[in-house]
>>> print(open('run.cif').read())   # mmCIF, C-alpha atoms
data_work
loop_
_atom_site.group_PDB
_atom_site.id
_atom_site.type_symbol
_atom_site.label_atom_id
_atom_site.label_comp_id
_atom_site.auth_asym_id
_atom_site.auth_seq_id
_atom_site.Cartn_x
_atom_site.Cartn_y
_atom_site.Cartn_z
ATOM 1 C CA MET A 20 14.889 15.298 -1.441
ATOM 2 C CA GLU A 21 13.195 16.371 1.781
ATOM 3 C CA ARG A 22 13.234 14.189 4.914
ATOM 4 C CA VAL A 23 11.499 14.542 8.265
ATOM 5 C CA VAL A 24 11.524 12.371 11.379
ATOM 6 C CA LEU A 25 8.445 12.035 13.600
ATOM 7 C CA GLU A 26 8.999 11.033 17.227
ATOM 8 C CA THR A 27 6.962 10.159 20.298
ATOM 9 C CA GLY A 28 8.137 8.088 23.237
ATOM 10 C CA ASP A 29 10.003 5.033 21.966
ATOM 11 C CA MET A 30 8.643 5.387 18.418
ATOM 12 C CA ARG A 31 10.193 7.083 15.386
ATOM 13 C CA ALA A 32 9.193 7.294 11.731
ATOM 14 C CA ALA A 33 11.143 8.846 8.855
ATOM 15 C CA LEU A 34 9.398 10.216 5.767
ATOM 16 C CA LEU A 35 10.827 11.207 2.386
ATOM 17 C CA SER A 36 9.356 13.579 -0.174
ATOM 18 C CA TYR A 37 10.338 11.203 -2.984
ATOM 19 C CA GLY A 38 7.373 8.919 -3.573
ATOM 20 C CA ALA A 39 5.737 10.023 -0.286
ATOM 21 C CA THR A 40 7.903 7.244 1.112
ATOM 22 C CA THR A 41 8.050 5.970 4.673
ATOM 23 C CA GLN A 42 11.784 5.360 4.909
ATOM 24 C CA GLY A 43 11.700 3.830 8.372
ATOM 25 C CA TRP A 44 9.558 3.079 11.399
ATOM 26 C CA TRP A 45 11.259 2.013 14.607
ATOM 27 C CA LEU A 46 10.425 0.934 18.136
ATOM 28 C CA ASN A 47 13.568 1.994 19.999
ATOM 29 C CA ASP A 48 16.123 0.796 17.420
ATOM 30 C CA ALA A 49 14.151 -2.211 16.157
ATOM 31 C CA PRO A 50 13.081 -1.780 12.501
ATOM 32 C CA LEU A 51 9.368 -2.342 11.963
ATOM 33 C CA ILE A 52 9.627 -1.962 8.162
ATOM 34 C CA LEU A 53 12.303 -2.465 5.525
ATOM 35 C CA GLY A 54 14.120 0.583 4.226
ATOM 36 C CA TYR A 55 17.316 1.945 2.714
ATOM 37 C CA ASP A 56 19.692 3.944 4.888
ATOM 38 C CA ASP A 57 20.547 6.183 1.914
ATOM 39 C CA PRO A 58 17.472 8.160 0.749
ATOM 40 C CA GLU A 59 18.894 8.374 -2.780
ATOM 41 C CA ALA A 60 18.655 4.572 -3.061
ATOM 42 C CA TYR A 61 14.887 4.910 -3.427
ATOM 43 C CA ARG A 62 15.339 6.490 -6.854
ATOM 44 C CA SER A 63 16.451 3.123 -8.227
ATOM 45 C CA ASP A 64 14.414 0.841 -5.955
ATOM 46 C CA PRO A 65 12.406 -1.803 -7.890
ATOM 47 C CA ASN A 66 10.308 -2.860 -4.881
ATOM 48 C CA PHE A 67 7.989 0.202 -4.402
ATOM 49 C CA MET A 68 9.399 0.186 -0.886
ATOM 50 C CA GLY A 69 7.468 2.304 1.603
ATOM 51 C CA ALA A 70 5.903 4.459 -1.121
ATOM 52 C CA ILE A 71 2.396 5.638 -1.982
ATOM 53 C CA VAL A 72 1.604 3.887 -5.272
ATOM 54 C CA GLY A 73 -0.946 4.845 -7.936
ATOM 55 C CA ARG A 74 -2.861 6.542 -9.487
ATOM 56 C CA LEU A 75 -4.081 2.953 -9.706
ATOM 57 C CA ALA A 76 -2.449 0.520 -7.307
ATOM 58 C CA ASN A 77 -1.922 -3.032 -8.527
ATOM 59 C CA ARG A 78 -2.352 -4.047 -12.177
ATOM 60 C CA VAL A 79 -4.308 -2.603 -15.106
ATOM 61 C CA SER A 80 -4.755 -5.090 -17.947
ATOM 62 C CA GLY A 81 -3.427 -3.927 -21.290
ATOM 63 C CA ALA A 82 -2.450 -0.622 -19.671
ATOM 64 C CA ALA A 83 -5.717 0.837 -20.953
ATOM 65 C CA PHE A 84 -9.335 1.456 -19.997
ATOM 66 C CA ASP A 85 -12.498 3.186 -21.208
ATOM 67 C CA LEU A 86 -14.285 5.888 -19.238
ATOM 68 C CA ASN A 87 -17.549 7.451 -20.387
ATOM 69 C CA GLY A 88 -16.999 6.212 -23.920
ATOM 70 C CA VAL A 89 -13.417 7.470 -24.223
ATOM 71 C CA GLY A 90 -10.425 5.151 -24.359
ATOM 72 C CA TYR A 91 -7.274 5.937 -22.394
ATOM 73 C CA GLY A 92 -3.872 4.366 -22.921
ATOM 74 C CA LEU A 93 -1.574 4.203 -19.901
ATOM 75 C CA ASP A 94 2.170 3.739 -19.636
ATOM 76 C CA PRO A 95 2.883 -0.031 -19.423
ATOM 77 C CA ASN A 96 5.659 -1.081 -17.049
ATOM 78 C CA GLU A 97 5.006 -4.814 -16.574
ATOM 79 C CA GLY A 98 4.871 -6.324 -20.032
ATOM 80 C CA ALA A 99 1.733 -5.028 -21.707
ATOM 81 C CA ASN A 100 0.155 -4.103 -18.365
ATOM 82 C CA GLN A 101 0.577 -1.264 -15.911
ATOM 83 C CA LEU A 102 1.635 -1.909 -12.314
ATOM 84 C CA HIS A 103 1.197 0.614 -9.476
ATOM 85 C CA GLY A 104 0.616 3.591 -11.768
ATOM 86 C CA GLY A 105 3.454 3.009 -14.209
ATOM 87 C CA ALA A 106 7.189 3.613 -14.280
ATOM 88 C CA GLN A 107 6.570 7.298 -13.513
ATOM 89 C CA GLY A 108 3.729 6.736 -11.042
ATOM 90 C CA LEU A 109 3.217 8.533 -7.750
ATOM 91 C CA TRP A 110 5.925 6.412 -6.161
ATOM 92 C CA THR A 111 8.570 8.151 -8.364
ATOM 93 C CA ARG A 112 7.349 11.724 -7.954
ATOM 94 C CA ASP A 113 8.750 14.501 -5.800
ATOM 95 C CA TRP A 114 6.057 15.414 -3.289
ATOM 96 C CA HIS A 115 6.048 18.443 -1.032
ATOM 97 C CA LEU A 116 6.740 17.357 2.545
ATOM 98 C CA GLU A 117 5.886 19.529 5.533
ATOM 99 C CA GLN A 118 6.290 18.585 9.182
ATOM 100 C CA THR A 119 3.401 20.138 11.104
ATOM 101 C CA SER A 120 4.314 18.930 14.611
ATOM 102 C CA ALA A 121 6.651 16.496 16.346
ATOM 103 C CA THR A 122 4.276 13.659 15.448
ATOM 104 C CA ASP A 123 2.555 14.853 12.266
ATOM 105 C CA ALA A 124 3.481 15.551 8.654
ATOM 106 C CA ARG A 125 1.673 16.284 5.405
ATOM 107 C CA LEU A 126 2.705 15.269 1.895
ATOM 108 C CA THR A 127 1.087 16.886 -1.150
ATOM 109 C CA TYR A 128 1.375 16.388 -4.880
ATOM 110 C CA HIS A 129 -0.362 17.871 -7.930
ATOM 111 C CA SER A 130 -0.725 15.241 -10.643
ATOM 112 C CA PRO A 131 -1.402 17.027 -13.947
ATOM 113 C CA ASP A 132 -3.923 15.992 -16.578
ATOM 114 C CA GLY A 133 -2.500 13.173 -18.708
ATOM 115 C CA GLU A 134 0.231 12.090 -16.289
ATOM 116 C CA CYS A 135 1.054 8.428 -17.050
ATOM 117 C CA GLY A 136 -1.983 8.466 -19.392
ATOM 118 C CA TYR A 137 -4.654 9.256 -16.777
ATOM 119 C CA PRO A 138 -7.358 11.843 -17.441
ATOM 120 C CA GLY A 139 -7.800 14.890 -15.264
ATOM 121 C CA ALA A 140 -5.646 16.766 -12.800
ATOM 122 C CA VAL A 141 -5.608 15.506 -9.212
ATOM 123 C CA ASP A 142 -4.459 17.152 -5.984
ATOM 124 C CA ILE A 143 -3.333 14.503 -3.508
ATOM 125 C CA SER A 144 -2.676 14.868 0.217
ATOM 126 C CA VAL A 145 -1.308 12.312 2.652
ATOM 127 C CA TRP A 146 -1.388 13.084 6.384
ATOM 128 C CA VAL A 147 0.904 10.894 8.478
ATOM 129 C CA THR A 148 0.504 10.747 12.262
ATOM 130 C CA LEU A 149 2.764 8.846 14.638
ATOM 131 C CA GLY A 150 1.178 7.800 17.919
ATOM 132 C CA PRO A 151 2.723 6.087 20.952
ATOM 133 C CA ASP A 152 1.650 2.727 19.494
ATOM 134 C CA SER A 153 0.442 3.570 15.978
ATOM 135 C CA LEU A 154 1.156 4.975 12.530
ATOM 136 C CA ILE A 155 -1.794 6.477 10.646
ATOM 137 C CA TYR A 156 -2.090 7.445 6.971
ATOM 138 C CA GLU A 157 -5.022 9.590 5.845
ATOM 139 C CA ILE A 158 -5.132 9.961 2.067
ATOM 140 C CA GLU A 159 -7.301 12.326 0.049
ATOM 141 C CA ALA A 160 -7.293 12.974 -3.691
ATOM 142 C CA ALA A 161 -9.441 15.620 -5.366
ATOM 143 C CA PRO A 162 -9.781 15.350 -9.168
ATOM 144 C CA ASP A 163 -11.030 18.103 -11.455
ATOM 145 C CA ARG A 164 -13.007 15.575 -13.539
ATOM 146 C CA PRO A 165 -14.040 11.908 -13.249
ATOM 147 C CA THR A 166 -10.956 9.703 -13.168
ATOM 148 C CA PRO A 167 -9.933 6.363 -11.620
ATOM 149 C CA LEU A 168 -8.130 6.560 -8.283
ATOM 150 C CA SER A 169 -7.039 3.704 -6.023
ATOM 151 C CA LEU A 170 -3.901 4.339 -3.985
ATOM 152 C CA ALA A 171 -1.983 2.028 -1.670
ATOM 153 C CA GLN A 172 0.694 2.382 0.995
ATOM 154 C CA HIS A 173 3.487 -0.106 0.246
ATOM 155 C CA ASN A 174 5.446 -0.775 3.448
ATOM 156 C CA TYR A 175 7.266 -4.092 3.900
ATOM 157 C CA TYR A 176 6.659 -5.012 7.546
ATOM 158 C CA THR A 177 9.439 -6.786 9.466
ATOM 159 C CA LEU A 178 8.304 -6.249 13.081
ATOM 160 C CA GLY A 179 11.830 -6.122 14.395
ATOM 161 C CA ASP A 180 13.554 -8.963 12.556
ATOM 162 C CA PRO A 181 13.737 -9.196 8.731
ATOM 163 C CA ALA A 182 15.175 -12.713 8.983
ATOM 164 C CA GLY A 183 12.557 -14.093 11.364
ATOM 165 C CA PRO A 184 9.297 -15.913 10.612
ATOM 166 C CA ARG A 185 5.980 -14.078 10.578
ATOM 167 C CA SER A 186 2.360 -15.228 10.663
ATOM 168 C CA LEU A 187 -0.699 -13.427 9.355
ATOM 169 C CA ARG A 188 -4.406 -13.425 10.051
ATOM 170 C CA VAL A 189 -6.759 -11.776 7.529
ATOM 171 C CA GLU A 190 -10.510 -11.342 7.930
ATOM 172 C CA ALA A 191 -11.229 -12.555 4.398
ATOM 173 C CA ALA A 192 -13.148 -15.613 3.220
ATOM 174 C CA ARG A 193 -12.540 -14.843 -0.470
ATOM 175 C CA LEU A 194 -9.817 -13.632 -2.763
ATOM 176 C CA LEU A 195 -9.616 -12.713 -6.426
ATOM 177 C CA GLN A 196 -8.777 -15.530 -8.795
ATOM 178 C CA LEU A 197 -5.707 -14.748 -10.884
ATOM 179 C CA GLY A 198 -5.132 -15.506 -14.532
ATOM 180 C CA GLU A 199 -2.430 -14.740 -17.063
ATOM 181 C CA GLY A 200 -0.108 -11.897 -16.127
ATOM 182 C CA HIS A 201 -1.201 -12.087 -12.498
ATOM 183 C CA LEU A 202 -4.383 -10.269 -13.483
ATOM 184 C CA PRO A 203 -7.759 -10.973 -11.842
ATOM 185 C CA THR A 204 -10.134 -13.049 -13.928
ATOM 186 C CA GLY A 205 -13.171 -11.379 -12.374
ATOM 187 C CA ARG A 206 -14.029 -14.411 -10.241
ATOM 188 C CA LEU A 207 -14.170 -14.272 -6.441
ATOM 189 C CA ILE A 208 -13.100 -17.623 -5.003
ATOM 190 C CA PRO A 209 -13.291 -18.992 -1.434
ATOM 191 C CA VAL A 210 -10.060 -19.455 0.489
ATOM 192 C CA GLY A 211 -11.398 -22.412 2.510
ATOM 193 C CA GLY A 212 -9.376 -25.585 2.069
ATOM 194 C CA SER A 213 -6.524 -23.777 0.292
ATOM 195 C CA PRO A 214 -3.044 -22.668 1.400
ATOM 196 C CA PHE A 215 -4.343 -19.104 1.103
ATOM 197 C CA ASP A 216 -6.778 -19.390 4.023
ATOM 198 C CA LEU A 217 -5.494 -16.922 6.619
ATOM 199 C CA ARG A 218 -8.672 -16.514 8.688
ATOM 200 C CA ALA A 219 -7.281 -18.391 11.677
ATOM 201 C CA GLY A 220 -3.766 -17.100 11.199
ATOM 202 C CA ALA A 221 -1.031 -19.004 9.394
ATOM 203 C CA PRO A 222 2.754 -18.908 9.071
ATOM 204 C CA LEU A 223 3.999 -17.238 5.900
ATOM 205 C CA ALA A 224 7.147 -19.289 5.433
ATOM 206 C CA ASP A 225 5.836 -21.942 3.045
ATOM 207 C CA THR A 226 3.304 -20.215 0.767
ATOM 208 C CA ASP A 227 4.043 -17.552 -1.842
ATOM 209 C CA ILE A 228 1.158 -15.098 -1.645
ATOM 210 C CA ASP A 229 0.618 -12.158 -3.993
ATOM 211 C CA HIS A 230 -3.184 -11.974 -4.035
ATOM 212 C CA TYR A 231 -5.983 -9.514 -3.379
ATOM 213 C CA TYR A 232 -8.069 -10.558 -0.350
ATOM 214 C CA LEU A 233 -11.644 -9.305 0.075
ATOM 215 C CA PHE A 234 -12.283 -8.201 3.645
ATOM 216 C CA ASP A 235 -15.382 -9.679 5.261
ATOM 217 C CA PRO A 236 -18.072 -7.003 4.700
ATOM 218 C CA GLU A 237 -19.690 -7.981 8.024
ATOM 219 C CA HIS A 238 -16.546 -7.535 10.116
ATOM 220 C CA ASP A 239 -16.655 -5.144 13.056
ATOM 221 C CA PRO A 240 -15.269 -1.811 11.765
ATOM 222 C CA ALA A 241 -13.591 -1.295 15.129
ATOM 223 C CA ALA A 242 -11.681 -4.560 14.723
ATOM 224 C CA PRO A 243 -8.563 -5.008 12.592
ATOM 225 C CA VAL A 244 -8.896 -6.497 9.103
ATOM 226 C CA ALA A 245 -5.484 -8.124 9.434
ATOM 227 C CA VAL A 246 -3.018 -8.952 12.205
ATOM 228 C CA LEU A 247 0.643 -9.663 11.503
ATOM 229 C CA THR A 248 2.705 -11.392 14.195
ATOM 230 C CA GLY A 249 6.474 -11.134 14.133
ATOM 231 C CA PRO A 250 9.268 -13.253 15.554
ATOM 232 C CA THR A 251 10.176 -10.774 18.295
ATOM 233 C CA GLY A 252 6.884 -10.727 20.203
ATOM 234 C CA LEU A 253 5.333 -7.782 18.354
ATOM 235 C CA THR A 254 1.976 -7.781 16.568
ATOM 236 C CA LEU A 255 0.701 -5.295 14.008
ATOM 237 C CA SER A 256 -3.048 -4.704 13.699
ATOM 238 C CA VAL A 257 -4.242 -3.200 10.410
ATOM 239 C CA HIS A 258 -7.418 -1.121 10.341
ATOM 240 C CA SER A 259 -8.675 -0.062 6.917
ATOM 241 C CA ASP A 260 -11.784 1.351 5.253
ATOM 242 C CA GLN A 261 -10.922 -0.260 1.902
ATOM 243 C CA PRO A 262 -12.770 -3.314 0.484
ATOM 244 C CA GLY A 263 -9.663 -5.481 0.489
ATOM 245 C CA ALA A 264 -5.891 -5.610 0.329
ATOM 246 C CA GLN A 265 -3.109 -7.091 -1.727
ATOM 247 C CA ILE A 266 -1.156 -9.476 0.511
ATOM 248 C CA TYR A 267 2.410 -10.061 -0.646
ATOM 249 C CA THR A 268 4.880 -12.274 1.204
ATOM 250 C CA GLY A 269 7.882 -10.519 -0.330
ATOM 251 C CA HIS A 270 9.184 -13.679 -1.984
ATOM 252 C CA GLY A 271 10.249 -11.659 -5.031
ATOM 253 C CA LEU A 272 12.225 -9.004 -3.179
ATOM 254 C CA ALA A 273 15.309 -7.829 -5.036
ATOM 255 C CA PRO A 274 18.779 -7.210 -3.546
ATOM 256 C CA PRO A 275 19.941 -5.890 -1.176
ATOM 257 C CA PHE A 276 16.896 -7.389 0.543
ATOM 258 C CA PRO A 277 16.544 -11.174 0.695
ATOM 259 C CA PRO A 278 13.274 -12.884 -0.238
ATOM 260 C CA ARG A 279 10.598 -12.728 2.498
ATOM 261 C CA ALA A 280 12.454 -10.072 4.479
ATOM 262 C CA GLY A 281 9.184 -8.102 4.718
ATOM 263 C CA THR A 282 5.443 -8.684 4.353
ATOM 264 C CA CYS A 283 3.184 -6.262 2.467
ATOM 265 C CA ILE A 284 -0.439 -5.552 3.402
ATOM 266 C CA GLU A 285 -1.723 -3.038 0.833
ATOM 267 C CA PRO A 286 -5.347 -1.940 1.315
ATOM 268 C CA SER A 287 -6.854 -0.446 -1.855
ATOM 269 C CA GLY A 288 -9.743 -0.736 -4.270
ATOM 270 C CA PHE A 289 -10.132 -3.824 -6.457
ATOM 271 C CA PRO A 290 -7.278 -4.293 -8.961
ATOM 272 C CA ASP A 291 -8.182 -3.785 -12.633
ATOM 273 C CA ALA A 292 -11.613 -2.517 -11.608
ATOM 274 C CA VAL A 293 -11.501 -0.126 -14.587
ATOM 275 C CA ASN A 294 -11.713 -3.175 -16.887
ATOM 276 C CA THR A 295 -13.966 -5.425 -14.772
ATOM 277 C CA PRO A 296 -17.565 -4.123 -14.647
ATOM 278 C CA THR A 297 -18.531 -6.519 -11.833
ATOM 279 C CA PHE A 298 -15.947 -4.998 -9.469
ATOM 280 C CA PRO A 299 -16.767 -1.960 -7.304
ATOM 281 C CA SER A 300 -16.017 1.289 -9.097
ATOM 282 C CA VAL A 301 -12.770 3.154 -8.423
ATOM 283 C CA ILE A 302 -13.893 6.323 -10.233
ATOM 284 C CA ALA A 303 -13.531 9.514 -8.218
ATOM 285 C CA THR A 304 -15.157 12.816 -9.165
ATOM 286 C CA PRO A 305 -15.034 16.430 -7.989
ATOM 287 C CA ASP A 306 -18.216 15.734 -6.004
ATOM 288 C CA ALA A 307 -16.989 12.379 -4.670
ATOM 289 C CA PRO A 308 -13.236 12.680 -4.101
ATOM 290 C CA TYR A 309 -11.014 9.778 -3.096
ATOM 291 C CA ARG A 310 -10.407 9.059 0.590
ATOM 292 C CA GLN A 311 -8.626 6.301 2.490
ATOM 293 C CA THR A 312 -7.598 5.833 6.116
ATOM 294 C CA LEU A 313 -5.012 3.254 7.141
ATOM 295 C CA ARG A 314 -4.245 2.764 10.826
ATOM 296 C CA LEU A 315 -1.385 0.525 11.960
ATOM 297 C CA THR A 316 -1.335 -0.359 15.653
ATOM 298 C CA LEU A 317 1.573 -2.062 17.387
ATOM 299 C CA ALA A 318 1.303 -4.250 20.477
ATOM 300 C CA GLY A 319 3.654 -6.377 22.536
ATOM 301 C CA GLU A 320 7.266 -6.045 23.613
ATOM 302 C CA ILE A 321 10.438 -7.142 21.890
ATOM 303 C CA ARG A 322 11.754 -10.301 23.463
#
>>> encode(input="run.cif", output="structure tokens")
Amino acid sequence: MERVVLETGDMRAALLSYGATTQGWWLNDAPLILGYDDPEAYRSDPNFMGAIVGRLANRVSGAAFDLNGVGYGLDPNEGANQLHGGAQGLWTRDWHLEQTSATDARLTYHSPDGECGYPGAVDISVWVTLGPDSLIYEIEAAPDRPTPLSLAQHNYYTLGDPAGPRSLRVEAARLLQLGEGHLPTGRLIPVGGSPFDLRAGAPLADTDIDHYYLFDPEHDPAAPVAVLTGPTGLTLSVHSDQPGAQIYTGHGLAPPFPPRAGTCIEPSGFPDAVNTPTFPSVIATPDAPYRQTLRLTLAGEIR
């Protein structure tokens, strides 16, 4: 397993080749995300911690889909469904990791035709850049034929204190209604008047959230789509070009991490879009490859 550490000023970030994982991100010695000290622990981690997940992030109903009249069966890993690309998804693969400067690294992986049931070969690149107040992920995936692609970065954000309370604001007036198996029903429902309304910011201590929020299509692209506030005086602004994000309060975290020790904000395409014609397409092609940019900006000082 390869490991590199990016550094600038008071910021550090550690990357692993396994799963294209962000093992740690620190301001001085304060942990901004959850992570294992031992890199080998990620090989048995059930939490997708810090990894790039896919080829399809989130859930695929029945672990199957049709594309251009052909049916494809995927590897199920959550009952009859597939979650985050399957038990052998991108988050379990050995990527090539290259540090290109003190603050930059590139991870690459060739996913062969048929891997985890998906059609077509795909070459995936993730550029990671550490700034004096930011961490940026630029993801590209070039398929050799039409195939579904929707990746997500799966950090659990602590903002300095895994045991402390956090609050979250999300620029989203709607979320996807969930049905059996935590799968979207296809309905978009308003958050107003519900415990899931995060537009004005709300503490995350009392509500279990594991839902896909639709970012306001009219929001200023220069403004963050979500802002997480931690107990230590730090705030994390999330900038994304994706249509929405899975918000997960970490209430189901498995040992050695206690429930709610970290909060996930996972921008991606719509979950189960391959089986829901009304959702925006997640099909990438050689002429229209997959791209995503995720920028995380830190502000404030640790009290």
>>> residues_around(input="run.cif", residues="region 38-52 of chain A", least_positions_apart="3", cutoff="7 Å", atoms="all atoms listed in the file", output="mmCIF file with C-alpha atoms, in the frame of the given file")
data_model
loop_
_atom_site.group_PDB
_atom_site.id
_atom_site.type_symbol
_atom_site.label_atom_id
_atom_site.label_comp_id
_atom_site.auth_asym_id
_atom_site.auth_seq_id
_atom_site.Cartn_x
_atom_site.Cartn_y
_atom_site.Cartn_z
ATOM 1 C CA ASP A 29 10.003 5.033 21.966
ATOM 2 C CA MET A 30 8.643 5.387 18.418
ATOM 3 C CA ARG A 31 10.193 7.083 15.386
ATOM 4 C CA ALA A 32 9.193 7.294 11.731
ATOM 5 C CA ALA A 33 11.143 8.846 8.855
ATOM 6 C CA LEU A 34 9.398 10.216 5.767
ATOM 7 C CA LEU A 35 10.827 11.207 2.386
ATOM 8 C CA TYR A 55 17.316 1.945 2.714
ATOM 9 C CA GLY A 69 7.468 2.304 1.603
ATOM 10 C CA ALA A 70 5.903 4.459 -1.121
ATOM 11 C CA ILE A 71 2.396 5.638 -1.982
ATOM 12 C CA LEU A 109 3.217 8.533 -7.750
ATOM 13 C CA TRP A 110 5.925 6.412 -6.161
ATOM 14 C CA THR A 111 8.570 8.151 -8.364
ATOM 15 C CA ARG A 112 7.349 11.724 -7.954
ATOM 16 C CA ASP A 113 8.750 14.501 -5.800
ATOM 17 C CA TRP A 114 6.057 15.414 -3.289
ATOM 18 C CA LEU A 126 2.705 15.269 1.895
ATOM 19 C CA ASN A 174 5.446 -0.775 3.448
ATOM 20 C CA TYR A 175 7.266 -4.092 3.900
ATOM 21 C CA TYR A 176 6.659 -5.012 7.546
ATOM 22 C CA THR A 177 9.439 -6.786 9.466
ATOM 23 C CA LEU A 178 8.304 -6.249 13.081
ATOM 24 C CA GLY A 179 11.830 -6.122 14.395
#
>>> residues_around(input="run.cif", residues="Pro277 (chain A)", least_positions_apart="4", cutoff="12 Å", atoms="only C-alpha atoms", output="list in words")
Leu53, Asn66, Pro181, Ala182, Gly183, Thr268, Gly269, His270, Gly271, Leu272, Ala273, Gly281 and Thr282 of chain A
>>> resolve_selection(input="run.cif", expression="the PyMOL selection byres ((chain A and resi 125) around 6)", output="list in words")
Leu116, Glu117, Ala124, Leu126, Val145 and Trp146 of chain A
>>> resolve_selection(input="run.cif", expression="the PyMOL selection byres ((chain A and resi 214) around 10)", output="PyMOL selection string")
chain A and resi 210-213+215-217+221+223+225-228
>>> residues_near_point(input="run.cif", point="(4.9, 0.1, -19.3)", cutoff="10 Å", atoms="all atoms listed in the file", output="PyMOL selection string")
chain A and resi 81-82+93-102+104-107+135
>>> closest_residue(input="run.cif", among="A:Val293, A:His258, A:Tyr156, A:Gly200", to="Tyr91 (chain A)", atoms="all atoms listed in the file")
A:Val293
>>> residues_around(input="run.cif", residues="region 300-308 of chain A", least_positions_apart="6", cutoff="7 Å", atoms="all atoms listed in the file", output="ChimeraX atom specification")
/A:160-169,288,292
>>> residues_near_point(input="run.cif", point="(14.5, 13.1, 5.5)", cutoff="8 Å", atoms="all atoms listed in the file", output="list in words")
Met20, Glu21, Arg22, Val23, Val24, Ala33, Leu34, Leu35, Ser36 and Pro58 of chain A
>>> closest_residue(input="run.cif", among="A:Ser259, A:Thr127, A:Thr248, A:Thr295", to="Leu317 (chain A)", atoms="only C-alpha atoms")
A:Thr248
>>> atom_distance(input="run.cif", atom1="CA of Asp180 (chain A)", atom2="CA of Tyr37 (chain A)")
25.7 Å
>>> residues_around(input="run.cif", residues="Glu159 (chain A)", least_positions_apart="4", cutoff="9 Å", atoms="all atoms listed in the file", output="PyMOL selection string")
chain A and resi 142-146+308-312
>>> closest_residue(input="run.cif", among="A:Asp291, A:Glu190, A:Asp229, A:Glu320", to="Thr251 (chain A)", atoms="only C-alpha atoms")
A:Glu320
>>> atom_distance(input="run.cif", atom1="CA of Gln172 (chain A)", atom2="CA of Gly108 (chain A)")
13.2 Å
>>> closest_residue(input="run.cif", among="A:Asp85, A:Ser80, A:Gly252, A:Val72", to="Ala318 (chain A)", atoms="only C-alpha atoms")
A:Gly252
>>> atom_distance(input="run.cif", atom1="CA of Leu187 (chain A)", atom2="CA of Gly220 (chain A)")
5.1 Å
>>> residues_around(input="run.cif", residues="Leu194 (chain A)", least_positions_apart="3", cutoff="6 Å", atoms="all atoms listed in the file", output="list in words")
Leu207, Ile208, Tyr231, Tyr232 and Leu233 of chain A
>>> decode(input="run.cif", residues="region 244-254 of chain A", atoms="N, CA, C and O atoms", output="PDB file, in the first residue's frame")
ATOM      1  N   VAL A 244     -22.546  24.848  -1.200  1.00  0.00           N
ATOM      2  CA  VAL A 244     -23.827  24.141  -1.175  1.00  0.00           C
ATOM      3  C   VAL A 244     -24.134  23.611   0.219  1.00  0.00           C
ATOM      4  O   VAL A 244     -25.286  23.286   0.532  1.00  0.00           O
ATOM      5  N   ALA A 245     -23.106  23.533   1.061  1.00  0.00           N
ATOM      6  CA  ALA A 245     -23.309  23.079   2.431  1.00  0.00           C
ATOM      7  C   ALA A 245     -22.219  23.677   3.310  1.00  0.00           C
ATOM      8  O   ALA A 245     -21.090  23.906   2.848  1.00  0.00           O
ATOM      9  N   VAL A 246     -22.573  23.932   4.575  1.00  0.00           N
ATOM     10  CA  VAL A 246     -21.611  24.436   5.548  1.00  0.00           C
ATOM     11  C   VAL A 246     -21.782  23.644   6.839  1.00  0.00           C
ATOM     12  O   VAL A 246     -22.865  23.627   7.427  1.00  0.00           O
ATOM     13  N   LEU A 247     -20.713  22.986   7.245  1.00  0.00           N
ATOM     14  CA  LEU A 247     -20.698  22.209   8.482  1.00  0.00           C
ATOM     15  C   LEU A 247     -19.939  22.984   9.541  1.00  0.00           C
ATOM     16  O   LEU A 247     -18.824  23.461   9.291  1.00  0.00           O
ATOM     17  N   THR A 248     -20.548  23.124  10.725  1.00  0.00           N
ATOM     18  CA  THR A 248     -19.921  23.843  11.830  1.00  0.00           C
ATOM     19  C   THR A 248     -19.613  22.860  12.941  1.00  0.00           C
ATOM     20  O   THR A 248     -20.479  22.083  13.357  1.00  0.00           O
ATOM     21  N   GLY A 249     -18.364  22.880  13.405  1.00  0.00           N
ATOM     22  CA  GLY A 249     -17.941  21.951  14.433  1.00  0.00           C
ATOM     23  C   GLY A 249     -17.941  22.559  15.816  1.00  0.00           C
ATOM     24  O   GLY A 249     -18.181  23.750  15.992  1.00  0.00           O
ATOM     25  N   PRO A 250     -17.603  21.740  16.809  1.00  0.00           N
ATOM     26  CA  PRO A 250     -17.645  22.207  18.196  1.00  0.00           C
ATOM     27  C   PRO A 250     -16.429  23.014  18.606  1.00  0.00           C
ATOM     28  O   PRO A 250     -16.419  23.601  19.690  1.00  0.00           O
ATOM     29  N   THR A 251     -15.408  23.074  17.747  1.00  0.00           N
ATOM     30  CA  THR A 251     -14.152  23.717  18.132  1.00  0.00           C
ATOM     31  C   THR A 251     -13.995  25.120  17.574  1.00  0.00           C
ATOM     32  O   THR A 251     -12.960  25.753  17.783  1.00  0.00           O
ATOM     33  N   GLY A 252     -14.991  25.607  16.823  1.00  0.00           N
ATOM     34  CA  GLY A 252     -14.897  26.922  16.221  1.00  0.00           C
ATOM     35  C   GLY A 252     -14.582  26.892  14.746  1.00  0.00           C
ATOM     36  O   GLY A 252     -14.461  27.944  14.115  1.00  0.00           O
ATOM     37  N   LEU A 253     -14.427  25.708  14.162  1.00  0.00           N
ATOM     38  CA  LEU A 253     -14.139  25.564  12.747  1.00  0.00           C
ATOM     39  C   LEU A 253     -15.417  25.375  11.938  1.00  0.00           C
ATOM     40  O   LEU A 253     -16.387  24.782  12.422  1.00  0.00           O
ATOM     41  N   THR A 254     -15.405  25.885  10.696  1.00  0.00           N
ATOM     42  CA  THR A 254     -16.492  25.621   9.760  1.00  0.00           C
ATOM     43  C   THR A 254     -15.892  25.080   8.471  1.00  0.00           C
ATOM     44  O   THR A 254     -14.790  25.450   8.061  1.00  0.00           O
TER      45      THR A 254
END
